[in-house]
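Here is the file final_11.csv (CSV, C-alpha atoms and all ligand atoms).
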```csv
chain,number,residue,atom,x,y,z
W,15,VAL,CA,3.7,-12.7,28.1
W,16,SER,CA,0.9,-15.2,27.5
W,17,PRO,CA,-0.6,-14.7,24.1
W,18,ARG,CA,-3.9,-13.5,25.7
W,19,LYS,CA,-6.0,-10.9,23.9
W,20,PHE,CA,-4.8,-7.4,24.8
W,21,LYS,CA,-6.4,-4.1,24.0
W,22,ARG,CA,-3.6,-2.5,22.0
W,23,ASN,CA,0.2,-2.6,21.8
W,24,PHE,CA,2.2,-0.5,24.3
W,25,THR,CA,3.5,1.8,21.7
W,26,VAL,CA,6.9,3.6,22.0
W,27,ILE,CA,8.1,6.0,19.3
W,28,VAL,CA,11.9,6.6,18.9
W,29,GLU,CA,12.6,10.2,17.8
W,30,GLY,CA,15.8,11.9,16.9
W,31,ASN,CA,17.8,13.8,14.3
W,32,ILE,CA,19.3,12.2,11.2
W,33,GLY,CA,22.4,10.3,12.5
W,34,SER,CA,21.2,10.2,16.1
W,35,GLY,CA,21.5,6.5,16.4
W,36,LYS,CA,17.9,5.3,16.0
W,37,THR,CA,18.8,2.1,14.2
W,38,THR,CA,21.4,1.2,16.8
W,39,PHE,CA,18.8,1.7,19.5
W,40,LEU,CA,16.1,-0.3,17.7
W,41,ASN,CA,18.6,-3.2,17.0
W,42,TYR,CA,19.4,-3.3,20.8
W,43,PHE,CA,15.7,-3.7,21.7
W,44,GLN,CA,15.1,-6.2,18.8
W,45,GLN,CA,16.6,-8.9,21.1
W,46,PHE,CA,13.9,-8.8,23.8
W,47,ASN,CA,10.8,-11.0,23.8
W,48,GLY,CA,7.5,-9.2,23.5
W,49,VAL,CA,8.9,-6.3,21.4
W,50,SER,CA,8.0,-5.7,17.7
W,51,VAL,CA,10.4,-3.2,16.1
W,52,LEU,CA,9.0,-1.2,13.2
W,53,ALA,CA,11.9,0.6,11.3
W,54,GLU,CA,11.2,3.7,9.1
W,55,PRO,CA,10.1,2.4,5.7
W,56,VAL,CA,12.9,4.2,3.9
W,57,ASP,CA,12.9,1.6,1.2
W,58,LYS,CA,9.3,2.5,0.4
W,59,TRP,CA,10.3,6.2,0.2
W,60,ARG,CA,13.1,5.2,-2.2
W,61,ASN,CA,10.7,3.2,-4.4
W,62,CYS,CA,7.2,4.5,-4.7
W,63,SER,CA,6.0,2.8,-8.0
W,64,GLY,CA,9.6,3.2,-9.2
W,65,HIS,CA,10.2,6.8,-8.0
W,66,ASN,CA,12.9,7.5,-5.5
W,67,LEU,CA,11.0,10.3,-3.5
W,68,LEU,CA,13.8,10.6,-1.0
W,69,GLU,CA,16.3,11.4,-3.7
W,70,LYS,CA,13.9,13.8,-5.4
W,71,MET,CA,13.1,15.6,-2.1
W,72,TYR,CA,16.8,16.2,-1.4
W,73,SER,CA,17.6,17.2,-4.9
W,74,ASP,CA,14.7,19.7,-5.3
W,75,PRO,CA,13.1,20.2,-1.9
W,76,LYS,CA,10.9,23.1,-3.2
W,77,LYS,CA,9.3,20.9,-5.8
W,78,TRP,CA,9.2,17.5,-4.0
W,79,SER,CA,8.8,18.2,-0.2
W,80,PHE,CA,5.0,18.0,-0.2
W,81,THR,CA,5.0,14.8,-2.3
W,82,PHE,CA,7.6,13.2,-0.2
W,83,GLN,CA,6.1,14.1,3.2
W,84,SER,CA,2.6,13.1,2.1
W,85,TYR,CA,3.9,9.6,1.3
W,86,VAL,CA,5.9,9.5,4.6
W,87,GLN,CA,2.7,10.4,6.4
W,88,LEU,CA,0.8,7.5,4.7
W,89,THR,CA,3.6,5.0,5.4
W,90,MET,CA,3.8,6.1,9.1
W,91,LEU,CA,0.0,5.9,9.4
W,92,GLN,CA,0.2,2.3,8.1
W,93,LEU,CA,2.7,1.4,10.9
W,94,HIS,CA,0.7,3.2,13.6
W,95,THR,CA,-2.4,1.2,12.7
W,96,LEU,CA,-0.6,-2.1,12.3
W,97,LYS,CA,-1.5,-4.7,14.9
W,98,THR,CA,1.6,-6.5,15.9
W,99,ALA,CA,1.6,-9.9,17.7
W,100,ASP,CA,3.9,-8.6,20.5
W,101,PRO,CA,2.5,-6.5,23.4
W,102,ILE,CA,5.1,-3.8,22.9
W,103,LYS,CA,5.5,-1.9,19.6
W,104,LEU,CA,8.7,0.1,19.0
W,105,MET,CA,8.4,2.5,16.1
W,106,GLU,CA,11.2,4.5,14.4
W,107,ARG,CA,9.8,8.0,14.2
W,108,SER,CA,6.1,8.7,13.8
W,109,ILE,CA,3.3,10.6,12.2
W,110,TYR,CA,4.0,13.2,14.8
W,111,SER,CA,7.6,13.9,13.8
W,112,VAL,CA,6.5,14.2,10.2
W,113,ARG,CA,4.5,17.3,11.1
W,114,ASN,CA,6.3,18.6,14.2
W,115,CYS,CA,9.9,18.3,12.8
W,116,PHE,CA,10.2,17.9,9.1
W,117,VAL,CA,7.1,19.6,7.7
W,118,GLU,CA,7.6,22.5,10.2
W,119,GLN,CA,11.2,22.9,9.1
W,120,MET,CA,10.2,22.8,5.4
W,121,ALA,CA,7.5,25.4,6.0
W,122,ARG,CA,10.0,27.7,7.8
W,123,SER,CA,12.6,27.3,5.0
W,124,LYS,CA,9.9,28.0,2.5
W,125,CYS,CA,10.2,24.6,0.8
W,126,LEU,CA,6.5,24.2,1.5
W,127,ASP,CA,4.1,27.0,0.9
W,128,GLU,CA,1.3,27.8,3.3
W,129,CYS,CA,-1.4,26.1,1.3
W,130,SER,CA,0.6,22.9,1.1
W,131,VAL,CA,1.0,23.0,4.9
W,132,SER,CA,-2.7,23.6,5.3
W,133,VAL,CA,-3.6,20.5,3.2
W,134,PHE,CA,-1.0,18.5,5.2
W,135,ASP,CA,-2.6,19.7,8.4
W,136,GLU,CA,-6.1,18.8,7.2
W,137,TRP,CA,-5.0,15.2,6.5
W,138,PHE,CA,-3.2,15.1,9.9
W,139,LYS,CA,-6.2,16.4,11.8
W,140,TRP,CA,-8.6,14.0,10.2
W,141,THR,CA,-6.2,11.1,10.7
W,142,LYS,CA,-5.9,11.9,14.5
W,143,GLU,CA,-9.7,12.0,14.8
W,144,ASN,CA,-10.4,8.8,12.9
W,145,CYS,CA,-7.5,6.5,13.6
W,146,ASP,CA,-6.1,5.3,16.9
W,147,LEU,CA,-2.7,7.0,16.9
W,148,SER,CA,-2.2,6.7,20.7
W,149,ILE,CA,1.3,6.2,21.9
W,150,ASP,CA,2.5,5.6,25.4
W,151,LEU,CA,6.1,6.8,25.5
W,152,ILE,CA,8.5,8.9,23.3
W,153,VAL,CA,12.2,8.1,23.5
W,154,TYR,CA,14.2,11.2,22.3
W,155,LEU,CA,17.7,10.2,21.2
W,156,ARG,CA,19.2,13.7,21.9
W,157,THR,CA,22.4,14.5,20.1
W,158,SER,CA,24.4,17.7,19.3
W,159,PRO,CA,24.0,18.8,15.6
W,160,GLU,CA,27.8,18.4,15.2
W,161,ILE,CA,27.8,14.7,16.2
W,162,ALA,CA,24.6,14.0,14.2
W,163,TYR,CA,26.2,15.6,11.1
W,164,GLU,CA,29.5,13.7,11.6
W,165,ARG,CA,27.6,10.4,11.8
W,166,THR,CA,25.4,11.2,8.8
W,167,VAL,CA,28.5,12.0,6.7
W,168,LYS,CA,30.2,8.8,7.9
W,169,ARG,CA,27.1,6.6,7.1
W,170,ASN,CA,27.3,8.1,3.7
W,171,ARG,CA,23.7,7.3,2.5
W,172,PRO,CA,23.6,8.2,-1.2
W,173,GLU,CA,20.5,10.5,-1.1
W,174,GLU,CA,22.0,12.4,1.9
W,175,GLN,CA,25.2,13.6,0.0
W,176,THR,CA,23.7,17.1,-0.2
W,177,VAL,CA,22.6,17.3,3.4
W,178,SER,CA,24.3,20.4,4.9
W,179,PHE,CA,25.3,20.9,8.5
W,180,ASN,CA,22.7,23.8,8.6
W,181,TYR,CA,19.9,21.4,7.7
W,182,ILE,CA,21.0,19.0,10.4
W,183,ARG,CA,21.1,21.9,12.9
W,184,ASP,CA,17.6,23.1,11.8
W,185,ILE,CA,16.2,19.6,12.2
W,186,HIS,CA,17.9,19.4,15.6
W,187,ASN,CA,16.2,22.6,16.7
W,188,MET,CA,12.8,21.3,15.6
W,189,HIS,CA,13.3,18.2,17.8
W,190,GLU,CA,14.6,20.4,20.7
W,191,ASP,CA,11.6,22.7,20.6
W,192,TRP,CA,9.1,19.8,20.4
W,193,LEU,CA,10.6,17.3,22.8
W,194,TYR,CA,13.1,19.2,25.1
W,195,HIS,CA,11.8,22.8,25.5
W,196,LYS,CA,8.3,21.6,24.6
W,197,THR,CA,7.5,25.0,23.2
W,198,LEU,CA,6.5,23.9,19.7
W,199,PHE,CA,3.8,21.3,19.7
W,200,LYS,CA,2.0,19.3,22.4
W,201,CYS,CA,3.8,16.0,23.2
W,202,PRO,CA,1.4,13.1,22.7
W,203,ALA,CA,3.1,11.0,25.4
W,204,PRO,CA,5.8,11.3,28.2
W,205,VAL,CA,9.3,11.9,26.8
W,206,LEU,CA,12.3,9.9,28.0
W,207,ILE,CA,15.6,11.7,27.0
W,208,ILE,CA,18.6,9.6,26.1
W,209,ASP,CA,22.1,11.1,25.7
W,210,ALA,CA,22.7,9.8,22.2
W,211,ASN,CA,26.0,11.6,21.9
W,212,LEU,CA,27.5,8.6,23.7
W,213,ASP,CA,29.6,6.4,21.5
W,214,LYS,CA,27.9,3.1,20.3
W,215,SER,CA,30.4,1.1,22.4
W,216,ILE,CA,29.2,2.5,25.8
W,217,ILE,CA,25.6,3.6,25.0
W,218,GLN,CA,24.1,0.4,26.3
W,219,GLU,CA,24.1,1.6,29.9
W,220,GLU,CA,22.1,4.6,28.7
W,221,TYR,CA,19.6,2.2,27.0
W,222,LEU,CA,19.0,0.4,30.3
W,223,LYS,CA,17.2,3.6,31.4
W,224,CYS,CA,14.6,2.9,28.7
W,225,LYS,CA,14.4,-0.8,29.3
W,226,THR,CA,13.2,-0.3,32.8
W,227,GLN,CA,10.7,2.3,31.6
W,228,ILE,CA,9.4,0.2,28.8
W,229,PHE,CA,9.3,-3.1,30.5
W,230,THR,CA,7.9,-2.0,33.9
W,231,ASN,CA,4.5,-3.3,34.9
W,232,ARG,CA,3.1,-0.1,33.5
W,233,ALA,CA,3.8,-1.5,30.1
W,234,PHE,CA,2.0,-4.7,30.9
W,235,LYS,CA,-0.8,-2.8,32.6
W,236,ALA,CA,-1.4,-1.2,29.2
W,237,ILE,CA,-2.3,-4.6,27.9
W,238,ALA,CA,-4.3,-5.8,30.9
Y,1,LIG,C1,8.6,11.0,9.9
Y,1,LIG,C2,9.7,11.4,8.9
Y,1,LIG,C3,10.8,10.7,8.8
Y,1,LIG,C4,11.6,11.4,7.8
Y,1,LIG,C5,12.9,11.2,7.3
Y,1,LIG,N1,13.3,12.1,6.4
Y,1,LIG,C6,14.6,11.8,5.8
Y,1,LIG,C7,15.8,12.0,6.8
Y,1,LIG,C8,16.8,11.0,6.4
Y,1,LIG,O1,17.6,11.5,5.4
Y,1,LIG,C9,15.9,9.9,5.8
Y,1,LIG,C10,15.7,8.7,6.7
Y,1,LIG,O2,15.3,9.1,7.9
Y,1,LIG,O3,14.7,10.4,5.4
Y,1,LIG,C11,12.6,13.2,6.0
Y,1,LIG,O4,13.1,14.0,5.3
Y,1,LIG,N2,11.4,13.4,6.5
Y,1,LIG,C12,10.9,12.5,7.4
Y,1,LIG,N3,9.7,12.5,8.1
```

Please re-express this file's structure in structure tokens.
Amino acid sequence: VSPRKFKRNFTVIVEGNIGSGKTTFLNYFQQFNGVSVLAEPVDKWRNCSGHNLLEKMYSDPKKWSFTFQSYVQLTMLQLHTLKTADPIKLMERSIYSVRNCFVEQMARSKCLDECSVSVFDEWFKWTKENCDLSIDLIVYLRTSPEIAYERTVKRNRPEEQTVSFNYIRDIHNMHEDWLYHKTLFKCPAPVLIIDANLDKSIIQEEYLKCKTQIFTNRAFKAIA
């Protein structure tokens, strides 16, 4: 695409459970011209002025969920508002999944009390009204909780040692209610569902569905 001025990036958010294959998906799209991939800033969550908030959240969710998700919300907002040179911006998760999946699950499991959720919602409401959080497409990497759990265990991320199957199943259900049944929260953009149960070795055909959707002229119209 010629480096002409364009209104805003065509923004795609990639949502899915822990272990749903988001990194594999983002790595595949990294190869194309015109796409900026913004991975989840997990390293920031592991080192906020020296504090590993991810580890604290998993070790004592009742005490640290609010602190952790507040920082996640800030780091996601920074990525949403980042102007990238490429016409297409591909983000791993979003400020929407913070509220619609993780905070919702923490509220239901009583790791976040109602007043914490209210403060979180006030920040989220103001942010939506005052920042351009518009997105153009949601890619939902849909897996079974069993496969997501199996991959999480295999990946063996230090902070996730204590993650239970039940937690993965709960997070799965939050994604299903939001992006598949659409009974939980409004979807801020059309949802493209990918069967992310497919093994890494054959999933590239499944990705091609997205490639057409992302690279069609609709994408470029967004920057006309
Ligand atoms: C938006 C958002 C991402 C996100 C990730 N996480 C956790 C799940 C994984 O263990 C790790 C990396 O995604 O962080 C979370 O607890 N809350 C989150 N909220």

Could I get the residues of chain W with an atom no further than 7 Å from an atom of ligand LIG 1 (chain Y), each paired with its nearest atom pair and that distance in Å to one decimal, using all atoms listed in the file, sorted by chain and residue number, as JSON lines?
```
{"residue": "W:Ile32", "atom": "CA", "partner": "Y:LIG1", "partner_atom": "C8", "distance": 5.5}
{"residue": "W:Glu54", "atom": "CA", "partner": "Y:LIG1", "partner_atom": "O2", "distance": 6.9}
{"residue": "W:Val56", "atom": "CA", "partner": "Y:LIG1", "partner_atom": "C10", "distance": 6.0}
{"residue": "W:Leu68", "atom": "CA", "partner": "Y:LIG1", "partner_atom": "O3", "distance": 6.5}
{"residue": "W:Gln83", "atom": "CA", "partner": "Y:LIG1", "partner_atom": "N2", "distance": 6.3}
{"residue": "W:Val86", "atom": "CA", "partner": "Y:LIG1", "partner_atom": "N3", "distance": 6.0}
{"residue": "W:Gln87", "atom": "CA", "partner": "Y:LIG1", "partner_atom": "C1", "distance": 6.9}
{"residue": "W:Met90", "atom": "CA", "partner": "Y:LIG1", "partner_atom": "C1", "distance": 6.9}
{"residue": "W:Arg107", "atom": "CA", "partner": "Y:LIG1", "partner_atom": "C1", "distance": 5.4}
{"residue": "W:Ser108", "atom": "CA", "partner": "Y:LIG1", "partner_atom": "C1", "distance": 5.2}
{"residue": "W:Ile109", "atom": "CA", "partner": "Y:LIG1", "partner_atom": "C1", "distance": 5.8}
{"residue": "W:Ser111", "atom": "CA", "partner": "Y:LIG1", "partner_atom": "C1", "distance": 5.0}
{"residue": "W:Val112", "atom": "CA", "partner": "Y:LIG1", "partner_atom": "C1", "distance": 3.8}
{"residue": "W:Phe116", "atom": "CA", "partner": "Y:LIG1", "partner_atom": "N2", "distance": 5.3}
{"residue": "W:Glu174", "atom": "CA", "partner": "Y:LIG1", "partner_atom": "O1", "distance": 5.7}
```

Skip stretch 119-130 of chain W itself and residues of its chain fewer than 2 positions away, then list as a ChimeraX atom specification all residues within 6 Å of it, counting only C-alpha atoms. /W:75-76,116-117,132-133

Hey, can you check how far atom CA of W:Ile216 sits from atom CA of W:Gly48? 24.8 Å

Compute the distance from (22.0, 19.4, 22.4) to each atom, counting all atoms listed in the file, keep the residues with any atom at most 12 Å away, and return them as an NGL selection string; use the coordinates of the file. :W and (30-31 or 34 or 154-162 or 183 or 185-191 or 193-195 or 207-211)

Just-selected residues, C-alpha atoms written as a PDB file, keeping the file's coordinate frame:
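Result saved to part_32.pdb:
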```
ATOM      1  CA  GLY W  30      15.800  11.900  16.900  1.00  0.00           C
ATOM      2  CA  ASN W  31      17.800  13.800  14.300  1.00  0.00           C
ATOM      3  CA  SER W  34      21.200  10.200  16.100  1.00  0.00           C
ATOM      4  CA  TYR W 154      14.200  11.200  22.300  1.00  0.00           C
ATOM      5  CA  LEU W 155      17.700  10.200  21.200  1.00  0.00           C
ATOM      6  CA  ARG W 156      19.200  13.700  21.900  1.00  0.00           C
ATOM      7  CA  THR W 157      22.400  14.500  20.100  1.00  0.00           C
ATOM      8  CA  SER W 158      24.400  17.700  19.300  1.00  0.00           C
ATOM      9  CA  PRO W 159      24.000  18.800  15.600  1.00  0.00           C
ATOM     10  CA  GLU W 160      27.800  18.400  15.200  1.00  0.00           C
ATOM     11  CA  ILE W 161      27.800  14.700  16.200  1.00  0.00           C
ATOM     12  CA  ALA W 162      24.600  14.000  14.200  1.00  0.00           C
ATOM     13  CA  ARG W 183      21.100  21.900  12.900  1.00  0.00           C
ATOM     14  CA  ILE W 185      16.200  19.600  12.200  1.00  0.00           C
ATOM     15  CA  HIS W 186      17.900  19.400  15.600  1.00  0.00           C
ATOM     16  CA  ASN W 187      16.200  22.600  16.700  1.00  0.00           C
ATOM     17  CA  MET W 188      12.800  21.300  15.600  1.00  0.00           C
ATOM     18  CA  HIS W 189      13.300  18.200  17.800  1.00  0.00           C
ATOM     19  CA  GLU W 190      14.600  20.400  20.700  1.00  0.00           C
ATOM     20  CA  ASP W 191      11.600  22.700  20.600  1.00  0.00           C
ATOM     21  CA  LEU W 193      10.600  17.300  22.800  1.00  0.00           C
ATOM     22  CA  TYR W 194      13.100  19.200  25.100  1.00  0.00           C
ATOM     23  CA  HIS W 195      11.800  22.800  25.500  1.00  0.00           C
ATOM     24  CA  ILE W 207      15.600  11.700  27.000  1.00  0.00           C
ATOM     25  CA  ILE W 208      18.600   9.600  26.100  1.00  0.00           C
ATOM     26  CA  ASP W 209      22.100  11.100  25.700  1.00  0.00           C
ATOM     27  CA  ALA W 210      22.700   9.800  22.200  1.00  0.00           C
ATOM     28  CA  ASN W 211      26.000  11.600  21.900  1.00  0.00           C
TER      29      ASN W 211
END
```

Of the residues W:Thr95, W:Asn170, W:Thr226, W:Thr176, which is the one nearest to W:Gly33, using only C-alpha atoms?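 Checking each candidate against W:Gly33, we get W:Asn170 as the closest.
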
Close residues, W:Met105 itself excluded, 10 Å, all atoms listed in the file, min 6 positions apart in chain, as a list in words: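 The residues satisfying every condition are Thr25, Val26, Ile27, Val28, Glu29, Lys36, Leu40, Ser50, Val51, Leu52, Ala53, Glu54, Met90, Leu93, His94, Ile149 and Ile152 of chain W.
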
By how many Å are atom CA of W:Thr81 and atom CA of W:Asp150 apart?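 Those two atoms sit 29.3 Å apart.
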
Between W:Leu212, W:Val177, W:Cys224, W:Leu198, which one has atoms that come closest to W:Tyr72, using all atoms listed in the file?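 Using all atoms listed in the file, the shortest distance to W:Tyr72 belongs to W:Val177.
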
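In terms of minimum interatomic distance to W:Phe46, W:Ile102 ranks closest within W:Val153, W:Ile102, W:Leu67, W:Cys145, counting all atoms listed in the file.
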
Please enclose the listed atoms of stretch 129-133 of chain W in an axis-aligned box, pad each side by 4 Å, and write out the centre and the three edge lengths in Å, rounded to one decimal, as AutoDock Vina command-line options.
```
--center_x -1.3 --center_y 23.3 --center_z 3.2 --size_x 12.6 --size_y 13.6 --size_z 12.2
```
